[in-house]
Amino acid sequence: MKFYLLPVIALLFAFQSLAQNTFSTVVRDRETKEPLTGATILIRGTAKGAATDQAGFAQIDNIPDGKYVIVIRLVGYEEYLASYTFPLAQKGPVEIFLAASEEEMDEVIVTATRSSRTIEDAPTRLEAISGEELEEKGNMKPGDIRMMLNESTGIQTQQTSATSYNSSIRIQGLDGKYTQILRDGFPLYSGFSGGLGLLQVVPLDLKQVEVIKGASSTLYGGGAIAGLVNLVSRMPKEERELSFLLNGTSAAGLDISGFYAQKFEKFGSTVFASYNSGNPYDPADIGFTAIPRYRRVTLNPKLFVYASPKTTLNVGFNGTVEDRKGGDMQNLEGKGDDIHSYFEKNDTKRFSTQLGIDYQATDSAVFKLKNSFSYYDRKIEIPDFAFSGIQFSSFTEATYAIKRKNQEWIAGLNLWTERFSQDKTNTASVVNYNHTTIGAFVQNSWTASELFSLETGIRGDYQNEYGFFLLPRFAALFKFNSSLSARLGGGLGYKTPTVFTEDAERLQFRNVLPVDHENTKAEQSVGG
């Protein structure tokens with residue numbers, strides 16, 4: 001009997017395979033007739049789907065006989081719906097044309113290049129993390145921005161301590177000291193305050209993160225040899241915004257954050273607050289913390305005053321207090337002895353103020369004045385040694401920008417001060433310093449045609465210990481067609497010597513000697 005059943009079963013499978021169909025399509029723009037990449041093709045009511053490749057082609061296999069609705073979606077285009085009965089009479093790919101959506105898409109405007117342009121039109125090689133991507137990464141790691149930056153190409157967050165989890169950022173392989181971190185255009189987290197900078201930025205109140213890879217000292221001064229990261233905060237809108245985030249981890253971590261923003265007729269405000277904590281965690285069971293114990297509180301209120309249609313004033317304050325301790329698990333549990341004695345403790349207090357004034361002088365000219373003061377107090381403690389000190393820094397800048405039809409000019413002056421005072425200890429020599437840098441710059445952005453645009457700039461900085469630095473820079477954008485473009489750029493940079501490096505962080509600054517200004521020179525670079 002089984003000899004008769006086998007041919008019948010095989011015949012049934014053959015009929016079933018013949019009833020499976022294929023839908024292939026080429027998706028194009030209705031106006032330009034060019035292929036569209038990344039369009040999503042779905043069969044409604046099923047789990048079958050595909051996405052178009054660079055030629056606009058997509059194919060869905062194993063479709064049973066019957067009538068189905070095909071749905072095609074692509075950001076910036078109207079949704080396409082059509083019914084098809086399988087098997088299709090047409091043998092080749094179905095050509096489908098999508099119409100551009102009439103709704104205006106939110107363009108990503110970048111400011112790190114000092115000119116307000118969309119990311120597609122900026123000659124400088126720049127990446128932006130915004131929108132859903134920023135929200136998704138912020139939800140995955142709500143306590144800090146390390147993972148958000150680490151998943152970008154060419155960026156690596158380098159852990160400088162195995163027990164306290166201190167980290168710094170590397171762009172294109174260079175040490176963290178060669179990357180400048182900004183918050184709304186204000187230079188932050190340099191010198192002594194840079195060691196824990198990435199761990200103390202909570203992403204809930206960020207609108208976007210802008211990353212420039214390559215020489216950027218012309219834009220903001222020394223320290224941006226590898227590149228820079230600009231953290232852009234959310235601004236108040238007429239519609240009230242209220243966000244809360246509560247997150248718990250399997251390692252007993254807790255993140256609680258809240259953000260409020262609203263714009264009224266004459267003023268607006270944003271308020272951000274967060275509490276982040278973690279308990280000692282040793283997943284490898286080696287006796288030392290992979291995640292330290294920490295408690296951190298952050299408060300960041302801002303007030304916006306719209307004095308007139310042409311004048312806006314904003315005042316902000318940021319306060320962060322944290323204690324962090326890692327090391328031997330038994331020591332952290334209160335069971336330390338002569339064998340289980342190692343720990344690494346960090347106590348930090350960070351307070352800063354921001355002031356900004358924007359004045360629309362004419363329809364095409366804007367004057368901006370900004371100022372910030374920062375106080376940073378940190379104490380590092382390990383068995384039989386402690387290093388602590390206070391860093392004061394300030395940044396003041398005035399710029400004037402003129403925007404024409406195809407050109408944009410911006411010129412400015414800035415003053416940057418930084419003073420570090422080490423607490424009196426038994427250390428043989430202290431690493432105190434007092435630096436002042438005065439800078440002036442001018443930049444031109446020129447859109448020669450739809451195919452070519454150029455950005456050129458020059459900066460002159462005078463540093464009180466190391467003298468004068470001249471920093472030219474250029475960036476060019478070539479658009480060969482709607483699918484292919486190229487960027488070419490380069491510039492000079494410099495970095496003044498400092499004891500606050502990744503190597504010194506790993507040593508907790510034990511036996512680190514002060515910089516001998518008379519016998520050292522600033523590092524200078526040529527990047528492209």
# chains A, B, ... in the order shown; residues from 1 in each chain; ligands from 1
$ residues_around --residues "region 321-324 of chain A" --least-positions-apart "2" --cutoff "7 Å" --atoms "only C-alpha atoms" --output "PyMOL selection string"
chain A and resi 164+292-298+319+326+345-350
$ residues_around --residues "region 123-133 of chain A" --least-positions-apart "5" --cutoff "8 Å" --atoms "only C-alpha atoms" --output "number ranges by chain"
A: 108, 110, 113, 207-213, 453-455, 475-477, 487-489
$ write_last_selection --atoms "all heavy atoms" --output "CSV table (one decimal), in the first residue's frame"
chain,number,residue,atom,x,y,z
A,108,VAL,N,17.3,67.5,9.0
A,108,VAL,CA,18.3,67.5,10.0
A,108,VAL,C,19.2,68.7,9.8
A,108,VAL,O,20.1,68.7,8.9
A,108,VAL,CB,19.1,66.2,10.1
A,108,VAL,CG1,20.1,66.2,11.2
A,108,VAL,CG2,18.1,65.0,10.3
A,110,VAL,N,22.3,70.9,11.0
A,110,VAL,CA,23.5,70.7,11.9
A,110,VAL,C,24.1,72.1,12.2
A,110,VAL,O,24.1,73.0,11.3
A,110,VAL,CB,24.5,69.8,11.2
A,110,VAL,CG1,24.0,68.4,11.1
A,110,VAL,CG2,24.9,70.3,9.8
A,113,THR,N,29.2,72.7,12.5
A,113,THR,CA,30.1,73.3,11.5
A,113,THR,C,30.0,74.9,11.5
A,113,THR,O,30.6,75.5,10.6
A,113,THR,CB,29.7,72.8,10.1
A,113,THR,OG1,28.3,73.2,9.8
A,113,THR,CG2,29.9,71.3,10.0
A,207,LYS,N,18.3,66.6,21.6
A,207,LYS,CA,17.6,66.6,20.4
A,207,LYS,C,18.3,65.8,19.3
A,207,LYS,O,17.7,65.1,18.5
A,207,LYS,CB,17.4,68.1,19.9
A,207,LYS,CG,16.8,68.2,18.6
A,207,LYS,CD,16.7,69.7,18.1
A,207,LYS,CE,16.2,69.8,16.7
A,207,LYS,NZ,16.2,71.3,16.3
A,208,GLN,N,19.7,66.0,19.3
A,208,GLN,CA,20.5,65.3,18.4
A,208,GLN,C,21.9,65.3,18.8
A,208,GLN,O,22.3,66.2,19.6
A,208,GLN,CB,20.3,65.8,16.9
A,208,GLN,CG,20.9,67.2,16.7
A,208,GLN,CD,20.5,67.7,15.3
A,208,GLN,OE1,19.4,67.4,14.8
A,208,GLN,NE2,21.4,68.4,14.7
A,209,VAL,N,22.7,64.4,18.3
A,209,VAL,CA,24.2,64.4,18.5
A,209,VAL,C,24.9,64.5,17.2
A,209,VAL,O,24.6,63.7,16.3
A,209,VAL,CB,24.6,63.1,19.2
A,209,VAL,CG1,26.1,63.0,19.4
A,209,VAL,CG2,23.8,62.9,20.6
A,210,GLU,N,25.8,65.5,17.1
A,210,GLU,CA,26.5,65.7,15.8
A,210,GLU,C,28.0,65.4,16.0
A,210,GLU,O,28.6,65.7,17.0
A,210,GLU,CB,26.4,67.2,15.4
A,210,GLU,CG,25.0,67.7,15.3
A,210,GLU,CD,24.8,69.2,15.2
A,210,GLU,OE1,25.8,69.9,15.4
A,210,GLU,OE2,23.7,69.7,15.0
A,211,VAL,N,28.5,64.6,15.1
A,211,VAL,CA,29.9,64.1,15.1
A,211,VAL,C,30.6,64.5,13.9
A,211,VAL,O,30.2,64.2,12.8
A,211,VAL,CB,29.9,62.6,15.3
A,211,VAL,CG1,31.4,62.1,15.4
A,211,VAL,CG2,29.1,62.2,16.5
A,212,ILE,N,31.7,65.3,14.1
A,212,ILE,CA,32.6,65.6,13.0
A,212,ILE,C,33.9,64.8,13.2
A,212,ILE,O,34.5,64.8,14.2
A,212,ILE,CB,33.0,67.1,12.9
A,212,ILE,CG1,31.8,67.9,12.7
A,212,ILE,CG2,34.0,67.4,11.8
A,212,ILE,CD1,32.0,69.4,12.7
A,213,LYS,N,34.3,64.0,12.1
A,213,LYS,CA,35.4,63.2,12.2
A,213,LYS,C,36.5,63.8,11.4
A,213,LYS,O,36.4,64.0,10.2
A,213,LYS,CB,35.1,61.8,11.7
A,213,LYS,CG,34.0,61.1,12.4
A,213,LYS,CD,33.6,59.8,11.7
A,213,LYS,CE,32.4,59.2,12.5
A,213,LYS,NZ,31.9,58.0,11.8
A,453,SER,N,29.9,72.7,-3.6
A,453,SER,CA,29.9,73.7,-2.5
A,453,SER,C,31.2,73.6,-1.8
A,453,SER,O,31.8,72.5,-1.7
A,453,SER,CB,28.7,73.5,-1.6
A,453,SER,OG,28.7,72.2,-1.1
A,454,LEU,N,31.6,74.7,-1.2
A,454,LEU,CA,33.0,74.8,-0.6
A,454,LEU,C,32.8,75.5,0.8
A,454,LEU,O,32.1,76.5,0.9
A,454,LEU,CB,33.9,75.5,-1.5
A,454,LEU,CG,35.4,75.7,-1.0
A,454,LEU,CD1,36.1,74.4,-0.9
A,454,LEU,CD2,36.1,76.7,-1.9
A,455,GLU,N,33.6,75.1,1.8
A,455,GLU,CA,33.6,75.7,3.1
A,455,GLU,C,35.1,75.9,3.4
A,455,GLU,O,35.9,75.0,3.5
A,455,GLU,CB,33.0,74.7,4.1
A,455,GLU,CG,32.5,75.4,5.4
A,455,GLU,CD,31.7,74.4,6.2
A,455,GLU,OE1,32.2,73.5,6.8
A,455,GLU,OE2,30.4,74.6,6.2
A,475,ALA,N,36.7,72.4,3.3
A,475,ALA,CA,35.9,71.2,3.1
A,475,ALA,C,35.1,71.5,1.8
A,475,ALA,O,34.5,72.5,1.6
A,475,ALA,CB,35.0,70.9,4.2
A,476,ALA,N,35.1,70.5,0.9
A,476,ALA,CA,34.4,70.6,-0.4
A,476,ALA,C,33.5,69.4,-0.5
A,476,ALA,O,33.7,68.3,-0.1
A,476,ALA,CB,35.4,70.6,-1.5
A,477,LEU,N,32.3,69.7,-1.2
A,477,LEU,CA,31.3,68.7,-1.5
A,477,LEU,C,31.0,68.7,-2.9
A,477,LEU,O,30.7,69.7,-3.6
A,477,LEU,CB,30.0,69.0,-0.7
A,477,LEU,CG,28.8,68.2,-1.1
A,477,LEU,CD1,29.0,66.7,-0.8
A,477,LEU,CD2,27.5,68.7,-0.3
A,487,ARG,N,33.2,64.0,-0.5
A,487,ARG,CA,33.6,65.1,0.3
A,487,ARG,C,35.1,65.0,0.4
A,487,ARG,O,35.7,64.0,0.5
A,487,ARG,CB,33.0,65.1,1.7
A,487,ARG,CG,31.5,65.5,1.7
A,487,ARG,CD,30.9,65.4,3.1
A,487,ARG,NE,29.6,66.0,3.2
A,487,ARG,CZ,28.5,65.3,2.9
A,487,ARG,NH1,28.5,64.1,2.4
A,487,ARG,NH2,27.3,66.0,3.0
A,488,LEU,N,35.8,66.2,0.4
A,488,LEU,CA,37.2,66.3,0.5
A,488,LEU,C,37.5,67.5,1.5
A,488,LEU,O,36.9,68.6,1.3
A,488,LEU,CB,37.8,66.6,-0.9
A,488,LEU,CG,39.4,66.9,-0.9
A,488,LEU,CD1,40.1,65.6,-0.5
A,488,LEU,CD2,39.8,67.4,-2.2
A,489,GLY,N,38.3,67.2,2.5
A,489,GLY,CA,38.6,68.3,3.4
A,489,GLY,C,39.9,68.1,4.2
A,489,GLY,O,40.5,67.0,4.1
$ closest_residue --among "A:Ser445, A:Ser483, A:Gln54, A:Asn300" --to "Val201 (chain A)" --atoms "only C-alpha atoms"
A:Asn300
$ residues_around --residues "Ala224 (chain A)" --least-positions-apart "2" --cutoff "10 Å" --atoms "only C-alpha atoms" --output "PyMOL selection string"
chain A and resi 176-181+212-222+226-229+492-495
$ select_by_dssp --residues "region 254-335 of chain A" --states "strand (DSSP E or B)" --output "MDAnalysis selection string"
chainID A and resid 254:263 267:278 281 288 291 293:308 311:328
$ closest_atom_pairs --of "region 332-365 of chain A" --to "region 305-318 of chain A" --cutoff "8 Å" --atoms "only C-alpha atoms" --output "tab-separated table"
residue	atom	partner	partner_atom	distance
A:Arg350	CA	A:Asn318	CA	7.8
A:Phe351	CA	A:Asn318	CA	5.6
A:Ser352	CA	A:Asn318	CA	5.2
A:Thr353	CA	A:Phe317	CA	4.5
A:Gln354	CA	A:Gly316	CA	4.9
A:Leu355	CA	A:Val315	CA	4.7
A:Gly356	CA	A:Asn314	CA	5.2
A:Ile357	CA	A:Leu313	CA	4.7
A:Asp358	CA	A:Thr312	CA	5.2
A:Tyr359	CA	A:Thr311	CA	4.6
A:Gln360	CA	A:Lys310	CA	4.8
A:Ala361	CA	A:Lys310	CA	7.4
$ select_by_dssp --residues "region 463-511 of chain A" --states "helix (DSSP H, G or I)" --output "list of chain:residue names"
A:Glu502, A:Asp503, A:Ala504, A:Glu505, A:Arg506
$ closest_residue --among "A:Lys370, A:His435, A:Arg44, A:Arg378" --to "Phe395 (chain A)" --atoms "only C-alpha atoms"
A:Lys370
$ residues_around --residues "Ile402 (chain A)" --least-positions-apart "6" --cutoff "12 Å" --atoms "only C-alpha atoms" --output "NGL selection string"
:A and (114-116 or 360-368 or 408-412 or 442-445)
$ atom_distance --atom1 "CA of Ser269 (chain A)" --atom2 "CA of Thr399 (chain A)"
24.4 Å
$ decode --residues "region 321-370 of chain A" --atoms "N, CA and C atoms" --output "PDB file, in the first residue's frame"
ATOM      1  N   VAL A 321      25.985  65.735  40.695  1.00  0.00           N
ATOM      2  CA  VAL A 321      26.702  65.252  41.874  1.00  0.00           C
ATOM      3  C   VAL A 321      26.702  63.735  41.811  1.00  0.00           C
ATOM      4  N   GLU A 322      27.877  63.138  41.972  1.00  0.00           N
ATOM      5  CA  GLU A 322      27.977  61.680  41.852  1.00  0.00           C
ATOM      6  C   GLU A 322      29.044  61.138  42.784  1.00  0.00           C
ATOM      7  N   ASP A 323      28.770  59.967  43.353  1.00  0.00           N
ATOM      8  CA  ASP A 323      29.818  59.188  44.032  1.00  0.00           C
ATOM      9  C   ASP A 323      29.858  57.820  43.381  1.00  0.00           C
ATOM     10  N   ARG A 324      31.059  57.328  43.137  1.00  0.00           N
ATOM     11  CA  ARG A 324      31.273  56.098  42.368  1.00  0.00           C
ATOM     12  C   ARG A 324      32.395  55.311  43.035  1.00  0.00           C
ATOM     13  N   LYS A 325      32.175  54.028  43.262  1.00  0.00           N
ATOM     14  CA  LYS A 325      33.195  53.204  43.914  1.00  0.00           C
ATOM     15  C   LYS A 325      33.180  51.805  43.325  1.00  0.00           C
ATOM     16  N   GLY A 326      34.346  51.367  42.899  1.00  0.00           N
ATOM     17  CA  GLY A 326      34.515  50.017  42.379  1.00  0.00           C
ATOM     18  C   GLY A 326      35.733  49.370  43.002  1.00  0.00           C
ATOM     19  N   GLY A 327      35.945  48.083  42.694  1.00  0.00           N
ATOM     20  CA  GLY A 327      37.107  47.385  43.232  1.00  0.00           C
ATOM     21  C   GLY A 327      36.754  45.989  43.680  1.00  0.00           C
ATOM     22  N   ASP A 328      37.386  45.542  44.756  1.00  0.00           N
ATOM     23  CA  ASP A 328      37.161  44.212  45.302  1.00  0.00           C
ATOM     24  C   ASP A 328      35.739  44.109  45.846  1.00  0.00           C
ATOM     25  N   MET A 329      35.010  43.091  45.427  1.00  0.00           N
ATOM     26  CA  MET A 329      33.621  42.941  45.816  1.00  0.00           C
ATOM     27  C   MET A 329      33.466  42.808  47.327  1.00  0.00           C
ATOM     28  N   GLN A 330      34.357  42.064  47.992  1.00  0.00           N
ATOM     29  CA  GLN A 330      34.245  41.900  49.442  1.00  0.00           C
ATOM     30  C   GLN A 330      34.490  43.227  50.158  1.00  0.00           C
ATOM     31  N   ASN A 331      35.395  44.040  49.603  1.00  0.00           N
ATOM     32  CA  ASN A 331      35.657  45.342  50.204  1.00  0.00           C
ATOM     33  C   ASN A 331      34.415  46.230  50.115  1.00  0.00           C
ATOM     34  N   LEU A 332      33.740  46.202  48.944  1.00  0.00           N
ATOM     35  CA  LEU A 332      32.557  47.027  48.770  1.00  0.00           C
ATOM     36  C   LEU A 332      31.389  46.531  49.612  1.00  0.00           C
ATOM     37  N   GLU A 333      31.403  45.247  49.955  1.00  0.00           N
ATOM     38  CA  GLU A 333      30.345  44.686  50.795  1.00  0.00           C
ATOM     39  C   GLU A 333      30.643  44.837  52.275  1.00  0.00           C
ATOM     40  N   GLY A 334      31.739  45.543  52.609  1.00  0.00           N
ATOM     41  CA  GLY A 334      32.097  45.756  54.007  1.00  0.00           C
ATOM     42  C   GLY A 334      32.825  44.602  54.643  1.00  0.00           C
ATOM     43  N   LYS A 335      33.367  43.702  53.818  1.00  0.00           N
ATOM     44  CA  LYS A 335      34.087  42.529  54.338  1.00  0.00           C
ATOM     45  C   LYS A 335      35.568  42.581  53.963  1.00  0.00           C
ATOM     46  N   GLY A 336      36.092  43.776  53.749  1.00  0.00           N
ATOM     47  CA  GLY A 336      37.476  43.906  53.335  1.00  0.00           C
ATOM     48  C   GLY A 336      38.459  43.511  54.425  1.00  0.00           C
ATOM     49  N   ASP A 337      39.622  43.050  53.995  1.00  0.00           N
ATOM     50  CA  ASP A 337      40.723  42.731  54.913  1.00  0.00           C
ATOM     51  C   ASP A 337      42.022  43.034  54.190  1.00  0.00           C
ATOM     52  N   ASP A 338      43.132  42.527  54.689  1.00  0.00           N
ATOM     53  CA  ASP A 338      44.429  42.807  54.069  1.00  0.00           C
ATOM     54  C   ASP A 338      44.519  42.276  52.649  1.00  0.00           C
ATOM     55  N   ILE A 339      43.805  41.206  52.362  1.00  0.00           N
ATOM     56  CA  ILE A 339      43.835  40.625  51.021  1.00  0.00           C
ATOM     57  C   ILE A 339      42.825  41.325  50.119  1.00  0.00           C
ATOM     58  N   HIS A 340      41.624  41.522  50.626  1.00  0.00           N
ATOM     59  CA  HIS A 340      40.552  42.141  49.847  1.00  0.00           C
ATOM     60  C   HIS A 340      40.469  43.629  50.213  1.00  0.00           C
ATOM     61  N   SER A 341      41.452  44.390  49.752  1.00  0.00           N
ATOM     62  CA  SER A 341      41.561  45.782  50.200  1.00  0.00           C
ATOM     63  C   SER A 341      41.453  46.798  49.067  1.00  0.00           C
ATOM     64  N   TYR A 342      41.485  46.338  47.814  1.00  0.00           N
ATOM     65  CA  TYR A 342      41.555  47.328  46.730  1.00  0.00           C
ATOM     66  C   TYR A 342      40.185  47.945  46.437  1.00  0.00           C
ATOM     67  N   PHE A 343      40.199  49.247  46.241  1.00  0.00           N
ATOM     68  CA  PHE A 343      39.004  49.977  45.807  1.00  0.00           C
ATOM     69  C   PHE A 343      39.457  51.196  45.015  1.00  0.00           C
ATOM     70  N   GLU A 344      38.548  51.716  44.212  1.00  0.00           N
ATOM     71  CA  GLU A 344      38.782  52.960  43.476  1.00  0.00           C
ATOM     72  C   GLU A 344      37.524  53.810  43.612  1.00  0.00           C
ATOM     73  N   LYS A 345      37.671  54.968  44.239  1.00  0.00           N
ATOM     74  CA  LYS A 345      36.524  55.808  44.591  1.00  0.00           C
ATOM     75  C   LYS A 345      36.636  57.149  43.881  1.00  0.00           C
ATOM     76  N   ASN A 346      35.523  57.596  43.296  1.00  0.00           N
ATOM     77  CA  ASN A 346      35.446  58.897  42.628  1.00  0.00           C
ATOM     78  C   ASN A 346      34.262  59.665  43.187  1.00  0.00           C
ATOM     79  N   ASP A 347      34.528  60.836  43.738  1.00  0.00           N
ATOM     80  CA  ASP A 347      33.474  61.753  44.152  1.00  0.00           C
ATOM     81  C   ASP A 347      33.571  62.994  43.282  1.00  0.00           C
ATOM     82  N   THR A 348      32.476  63.355  42.606  1.00  0.00           N
ATOM     83  CA  THR A 348      32.515  64.497  41.693  1.00  0.00           C
ATOM     84  C   THR A 348      31.344  65.437  41.942  1.00  0.00           C
ATOM     85  N   LYS A 349      31.627  66.708  41.745  1.00  0.00           N
ATOM     86  CA  LYS A 349      30.603  67.757  41.758  1.00  0.00           C
ATOM     87  C   LYS A 349      30.868  68.640  40.549  1.00  0.00           C
ATOM     88  N   ARG A 350      29.846  68.777  39.698  1.00  0.00           N
ATOM     89  CA  ARG A 350      29.981  69.565  38.470  1.00  0.00           C
ATOM     90  C   ARG A 350      28.838  70.569  38.409  1.00  0.00           C
ATOM     91  N   PHE A 351      29.190  71.861  38.374  1.00  0.00           N
ATOM     92  CA  PHE A 351      28.182  72.917  38.283  1.00  0.00           C
ATOM     93  C   PHE A 351      28.598  73.884  37.180  1.00  0.00           C
ATOM     94  N   SER A 352      27.657  74.249  36.332  1.00  0.00           N
ATOM     95  CA  SER A 352      27.980  75.167  35.241  1.00  0.00           C
ATOM     96  C   SER A 352      26.767  76.046  34.934  1.00  0.00           C
ATOM     97  N   THR A 353      27.045  77.219  34.378  1.00  0.00           N
ATOM     98  CA  THR A 353      25.994  78.136  33.945  1.00  0.00           C
ATOM     99  C   THR A 353      26.194  78.437  32.469  1.00  0.00           C
ATOM    100  N   GLN A 354      25.088  78.744  31.777  1.00  0.00           N
ATOM    101  CA  GLN A 354      25.149  79.110  30.362  1.00  0.00           C
ATOM    102  C   GLN A 354      24.284  80.347  30.132  1.00  0.00           C
ATOM    103  N   LEU A 355      24.793  81.230  29.304  1.00  0.00           N
ATOM    104  CA  LEU A 355      24.068  82.433  28.921  1.00  0.00           C
ATOM    105  C   LEU A 355      24.198  82.615  27.419  1.00  0.00           C
ATOM    106  N   GLY A 356      23.095  82.879  26.753  1.00  0.00           N
ATOM    107  CA  GLY A 356      23.130  83.090  25.308  1.00  0.00           C
ATOM    108  C   GLY A 356      22.199  84.211  24.892  1.00  0.00           C
ATOM    109  N   ILE A 357      22.664  85.058  23.970  1.00  0.00           N
ATOM    110  CA  ILE A 357      21.849  86.144  23.425  1.00  0.00           C
ATOM    111  C   ILE A 357      21.922  86.070  21.906  1.00  0.00           C
ATOM    112  N   ASP A 358      20.763  85.978  21.264  1.00  0.00           N
ATOM    113  CA  ASP A 358      20.678  85.982  19.804  1.00  0.00           C
ATOM    114  C   ASP A 358      19.936  87.245  19.367  1.00  0.00           C
ATOM    115  N   TYR A 359      20.554  87.990  18.459  1.00  0.00           N
ATOM    116  CA  TYR A 359      19.936  89.228  17.970  1.00  0.00           C
ATOM    117  C   TYR A 359      19.926  89.211  16.448  1.00  0.00           C
ATOM    118  N   GLN A 360      18.734  89.279  15.864  1.00  0.00           N
ATOM    119  CA  GLN A 360      18.581  89.311  14.416  1.00  0.00           C
ATOM    120  C   GLN A 360      18.762  90.747  13.951  1.00  0.00           C
ATOM    121  N   ALA A 361      19.998  91.100  13.575  1.00  0.00           N
ATOM    122  CA  ALA A 361      20.313  92.484  13.212  1.00  0.00           C
ATOM    123  C   ALA A 361      19.568  92.908  11.954  1.00  0.00           C
ATOM    124  N   THR A 362      19.572  92.060  10.927  1.00  0.00           N
ATOM    125  CA  THR A 362      18.824  92.294   9.698  1.00  0.00           C
ATOM    126  C   THR A 362      18.197  90.979   9.269  1.00  0.00           C
ATOM    127  N   ASP A 363      17.514  90.991   8.137  1.00  0.00           N
ATOM    128  CA  ASP A 363      16.904  89.751   7.648  1.00  0.00           C
ATOM    129  C   ASP A 363      17.944  88.677   7.354  1.00  0.00           C
ATOM    130  N   SER A 364      19.174  89.097   7.079  1.00  0.00           N
ATOM    131  CA  SER A 364      20.209  88.138   6.686  1.00  0.00           C
ATOM    132  C   SER A 364      21.405  88.117   7.634  1.00  0.00           C
ATOM    133  N   ALA A 365      21.362  88.864   8.747  1.00  0.00           N
ATOM    134  CA  ALA A 365      22.506  88.938   9.657  1.00  0.00           C
ATOM    135  C   ALA A 365      22.069  88.654  11.091  1.00  0.00           C
ATOM    136  N   VAL A 366      22.885  87.846  11.807  1.00  0.00           N
ATOM    137  CA  VAL A 366      22.582  87.461  13.180  1.00  0.00           C
ATOM    138  C   VAL A 366      23.820  87.677  14.040  1.00  0.00           C
ATOM    139  N   PHE A 367      23.616  88.318  15.197  1.00  0.00           N
ATOM    140  CA  PHE A 367      24.680  88.481  16.185  1.00  0.00           C
ATOM    141  C   PHE A 367      24.378  87.566  17.364  1.00  0.00           C
ATOM    142  N   LYS A 368      25.408  86.811  17.812  1.00  0.00           N
ATOM    143  CA  LYS A 368      25.237  85.895  18.940  1.00  0.00           C
ATOM    144  C   LYS A 368      26.333  86.117  19.967  1.00  0.00           C
ATOM    145  N   LEU A 369      25.924  86.090  21.219  1.00  0.00           N
ATOM    146  CA  LEU A 369      26.862  86.196  22.344  1.00  0.00           C
ATOM    147  C   LEU A 369      26.556  85.060  23.301  1.00  0.00           C
ATOM    148  N   LYS A 370      27.595  84.329  23.699  1.00  0.00           N
ATOM    149  CA  LYS A 370      27.385  83.225  24.632  1.00  0.00           C
ATOM    150  C   LYS A 370      28.494  83.208  25.676  1.00  0.00           C
TER     151      LYS A 370
END
